[in-house]
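Structure file coords.cif (mmCIF, C-alpha atoms) is printed below.
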```cif
data_entry
#
loop_
_atom_site.label_atom_id
_atom_site.label_comp_id
_atom_site.auth_asym_id
_atom_site.auth_seq_id
_atom_site.Cartn_x
_atom_site.Cartn_y
_atom_site.Cartn_z
CA MET A 100 -44.03 -17.38 -21.77
CA ARG A 101 -40.95 -19.41 -22.40
CA THR A 102 -41.23 -23.10 -21.86
CA PRO A 103 -38.62 -25.76 -22.60
CA GLY A 104 -40.98 -27.51 -25.04
CA MET A 105 -42.02 -24.35 -26.88
CA ALA A 106 -42.32 -24.96 -30.61
CA VAL A 107 -39.66 -23.03 -32.49
CA PHE A 108 -41.87 -21.94 -35.40
CA LYS A 109 -45.66 -22.28 -35.64
CA HIS A 110 -46.79 -22.75 -39.23
CA GLN A 111 -50.10 -21.06 -38.52
CA ASN A 112 -51.48 -17.68 -39.50
CA VAL A 113 -50.42 -15.13 -36.88
CA GLU A 114 -53.61 -13.14 -37.62
CA ASP A 115 -55.68 -16.06 -36.31
CA PHE A 116 -54.21 -15.44 -32.85
CA TYR A 117 -53.21 -11.76 -32.83
CA GLU A 118 -54.81 -8.59 -34.11
CA THR A 119 -52.04 -6.47 -35.64
CA GLN A 120 -52.24 -2.74 -35.08
CA GLU A 121 -50.07 0.30 -35.78
CA GLU A 122 -46.42 0.17 -36.81
CA LEU A 123 -44.00 0.89 -33.98
CA GLY A 124 -40.77 0.85 -35.96
CA SER A 125 -38.95 -0.64 -38.91
CA GLY A 126 -35.52 -1.55 -40.16
CA GLN A 127 -33.97 -2.93 -43.32
CA PHE A 128 -35.47 -6.42 -42.98
CA ALA A 129 -38.11 -6.14 -40.25
CA VAL A 130 -41.20 -4.20 -39.24
CA VAL A 131 -42.47 -4.08 -35.66
CA LYS A 132 -46.19 -3.58 -35.03
CA ARG A 133 -48.27 -3.40 -31.90
CA CYS A 134 -50.56 -6.41 -31.65
CA LYS A 135 -53.18 -7.76 -29.30
CA GLU A 136 -53.65 -11.42 -28.40
CA LYS A 137 -57.22 -12.28 -29.35
CA SER A 138 -57.77 -14.79 -26.53
CA THR A 139 -56.60 -12.51 -23.69
CA GLY A 140 -56.50 -8.94 -25.02
CA THR A 141 -52.86 -8.69 -23.91
CA ALA A 142 -50.73 -6.23 -25.91
CA PHE A 143 -47.48 -7.40 -27.51
CA ALA A 144 -45.06 -6.31 -30.22
CA ALA A 145 -45.01 -8.36 -33.43
CA LYS A 146 -41.67 -8.31 -35.26
CA PHE A 147 -42.18 -9.32 -38.91
CA ILE A 148 -38.79 -10.47 -40.24
CA LYS A 149 -38.46 -10.90 -44.02
CA LYS A 150 -36.92 -14.26 -44.88
CA ARG A 151 -34.15 -14.57 -47.47
CA HIS A 152 -35.38 -16.81 -50.30
CA SER A 153 -32.14 -17.78 -52.01
CA LEU A 154 -28.47 -18.13 -51.18
CA ILE A 155 -27.47 -15.39 -53.61
CA SER A 156 -30.12 -12.88 -52.56
CA ARG A 157 -29.22 -9.99 -50.27
CA ARG A 158 -32.84 -9.28 -49.41
CA GLY A 159 -34.14 -10.63 -46.14
CA VAL A 160 -32.55 -12.54 -43.29
CA LYS A 161 -31.18 -16.08 -43.51
CA ARG A 162 -33.39 -18.56 -41.68
CA GLU A 163 -30.39 -19.76 -39.65
CA GLU A 164 -29.91 -16.23 -38.31
CA ILE A 165 -33.57 -16.00 -37.35
CA GLU A 166 -33.36 -19.42 -35.66
CA ARG A 167 -30.34 -18.23 -33.67
CA GLU A 168 -32.20 -15.11 -32.50
CA VAL A 169 -35.20 -17.23 -31.46
CA LYS A 170 -32.99 -19.75 -29.63
CA ILE A 171 -31.22 -16.99 -27.70
CA LEU A 172 -34.48 -15.25 -26.78
CA GLN A 173 -35.96 -18.55 -25.57
CA GLN A 174 -33.01 -19.09 -23.22
CA ILE A 175 -32.95 -15.72 -21.51
CA GLN A 176 -35.19 -14.21 -18.89
CA HIS A 177 -34.27 -10.88 -17.38
CA PRO A 178 -36.30 -7.77 -16.51
CA ASN A 179 -34.07 -5.57 -18.71
CA ILE A 180 -34.29 -7.79 -21.80
CA VAL A 181 -37.39 -8.09 -23.97
CA GLU A 182 -39.20 -11.44 -23.58
CA LEU A 183 -40.19 -13.72 -26.47
CA HIS A 184 -43.80 -14.90 -26.23
CA ASP A 185 -44.45 -16.79 -29.48
CA VAL A 186 -43.06 -17.48 -32.99
CA PHE A 187 -44.93 -17.88 -36.28
CA GLU A 188 -43.71 -18.54 -39.80
CA ASN A 189 -45.28 -18.15 -43.23
CA ARG A 190 -43.91 -18.19 -46.76
CA THR A 191 -42.35 -14.72 -46.57
CA ASP A 192 -41.89 -13.88 -42.89
CA VAL A 193 -41.03 -15.13 -39.45
CA VAL A 194 -43.07 -13.26 -36.84
CA LEU A 195 -41.72 -12.93 -33.32
CA ILE A 196 -44.33 -12.03 -30.71
CA LEU A 197 -42.41 -10.05 -28.10
CA GLU A 198 -43.06 -8.29 -24.83
CA LEU A 199 -44.34 -4.80 -25.60
CA VAL A 200 -42.03 -2.17 -24.14
CA SER A 201 -43.60 1.27 -24.17
CA GLY A 202 -41.80 4.57 -24.04
CA GLY A 203 -39.83 4.40 -27.28
CA GLU A 204 -36.11 4.12 -27.88
CA LEU A 205 -33.62 5.24 -25.25
CA PHE A 206 -31.68 7.13 -27.95
CA ASP A 207 -34.77 9.17 -28.91
CA PHE A 208 -35.54 9.87 -25.25
CA LEU A 209 -32.00 11.13 -24.66
CA ALA A 210 -32.08 13.26 -27.82
CA ARG A 211 -35.33 14.94 -26.70
CA LYS A 212 -34.15 15.44 -23.14
CA GLU A 213 -30.73 16.83 -24.19
CA SER A 214 -29.24 16.25 -20.74
CA LEU A 215 -29.71 13.99 -17.73
CA CYS A 216 -28.93 14.57 -14.11
CA GLU A 217 -26.36 12.22 -12.61
CA GLU A 218 -29.02 10.16 -10.80
CA GLU A 219 -31.03 9.57 -14.02
CA ALA A 220 -27.90 8.62 -15.95
CA THR A 221 -26.84 6.24 -13.18
CA GLN A 222 -30.22 4.46 -13.27
CA PHE A 223 -30.03 3.94 -17.05
CA ILE A 224 -26.44 2.69 -16.88
CA LYS A 225 -27.28 0.27 -14.04
CA GLN A 226 -30.18 -1.24 -16.01
CA ILE A 227 -28.10 -1.61 -19.17
CA LEU A 228 -25.15 -3.13 -17.33
CA ASN A 229 -27.41 -5.54 -15.41
CA GLY A 230 -28.76 -6.83 -18.73
CA VAL A 231 -25.29 -7.09 -20.28
CA GLN A 232 -23.90 -8.86 -17.20
CA TYR A 233 -26.78 -11.36 -17.34
CA LEU A 234 -26.13 -12.08 -21.04
CA HIS A 235 -22.43 -12.62 -20.42
CA SER A 236 -23.21 -15.05 -17.61
CA LYS A 237 -25.20 -17.30 -19.97
#
```
Take the structure in the file and give it back as structure tokens.
Amino acid sequence: MRTPGMAVFKHQNVEDFYETQEELGSGQFAVVKRCKEKSTGTAFAAKFIKKRHSLISRRGVKREEIEREVKILQQIQHPNIVELHDVFENRTDVVLILELVSGGELFDFLARKESLCEEEATQFIKQILNGVQYLHSK
């Protein structure tokens, strides 16, 4: 639900608005969990990004980098690119509330499947290239 006046970071407790559920994935500085909006019951993905707390620290992500990611996500709207719904910040994390995309990672799907027919491969490539073309046009 991108709007031009959307606040960049809400300094409110994300748990007041969303019920966090199981972990969907994790990386070096972020954990993604399924969540449900309390007011509507709508499912989303909550990306908890650890903030870097000092200039010399290597742990966490610089706030400027998080701000850049948020700004980019707020400016794009495409069916092949995950949509940003909301942003929260606390002392340790910035939490991005994102469109929930089910089905897992494309890489894992391809590894399980081992091979694709030409038609399946063409459909994946078209979707990826449509998203990339859109990003390059911005």
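Using all atoms listed in the file, the nearest neighbour of Asn112 of chain A within the list A:Val194, A:Val181, A:Cys134, A:Ile175 is A:Val194.
Note that atom CA of Arg167 of chain A and atom CA of Ser138 of chain A are 28.6 Å apart.
Using only C-alpha atoms for every distance, the candidate list A:Thr119, A:Thr141, A:Gln111, A:Ser214 yields A:Gln111 as the residue closest to Asn189 of chain A.
The interatomic distance for the pair atom CA of Asp115 of chain A and atom CA of His152 of chain A works out to 24.7 Å.
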Requested in this report: Apply the PyMOL selection byres ((chain A and resi 184) around 9) to the structure shown and report the selected residues as a PyMOL selection string.
Outcome: chain A and resi 100-101+143+173+182-183+185-186+195-198
Could you turn the residues from that selection into a file that holds C-alpha atoms, as a compact mmCIF listing (two decimals), in the frame of the given file?
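File out09.txt, as written:
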```txt
# COMPACT_ATOMS: atom_id res chain seq x y z
CA MET A 100 -44.03 -17.38 -21.77
CA ARG A 101 -40.95 -19.41 -22.40
CA PHE A 143 -47.48 -7.40 -27.51
CA GLN A 173 -35.96 -18.55 -25.57
CA GLU A 182 -39.20 -11.44 -23.58
CA LEU A 183 -40.19 -13.72 -26.47
CA ASP A 185 -44.45 -16.79 -29.48
CA VAL A 186 -43.06 -17.48 -32.99
CA LEU A 195 -41.72 -12.93 -33.32
CA ILE A 196 -44.33 -12.03 -30.71
CA LEU A 197 -42.41 -10.05 -28.10
CA GLU A 198 -43.06 -8.29 -24.83
```
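Distances to Leu234 of chain A were evaluated for A:Ala142, A:Val193, A:Ile171, A:Val131 using only C-alpha atoms, and the minimum falls at A:Ile171.
Computed from the coordinates, the atom CA of Glu118 of chain A to atom CA of Phe208 of chain A distance equals 28.1 Å.
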Could you list, with a cut-off of 9 Å and counting only C-alpha atoms, the residues of segment 120-217 of chain A near segment 222-226 of chain A, each shown with its nearest atom pair and the distance in Å rounded to one decimal, rows sorted by chain and ascending number, as a Markdown table?
```
| residue | atom | partner | partner_atom | distance |
| --- | --- | --- | --- | --- |
| A:Pro178 | CA | A:Gln226 | CA | 9.0 |
| A:Asn179 | CA | A:Gln226 | CA | 6.4 |
| A:Glu217 | CA | A:Gln222 | CA | 8.7 |
```
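Distance annotation: of A:Glu136, A:Glu168, A:Glu114, A:Glu218, the residue with the minimal separation from Ile148 of chain A is A:Glu168; atom set is only C-alpha atoms.
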Query - the PyMOL selection byres ((chain A and resi 147) around 10) resolved against shown file, as a PyMOL selection string - result: chain A and resi 125+128-132+144-146+148-150+187-188+191-196
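Distance annotation: of A:Asn229, A:His235, A:His110, A:Gln127, the residue with the minimal separation from Arg158 of chain A is A:Gln127; atom set is all atoms listed in the file.
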Query raised in the report: Near Lys237 of chain A, within 12 Å and counting all atoms listed in the file, which residues show up once chain neighbours fewer than 6 positions away are dropped, as JSON, numbers by chain?
Result: {"A": [171, 172, 174, 175, 176, 177, 230, 231]}
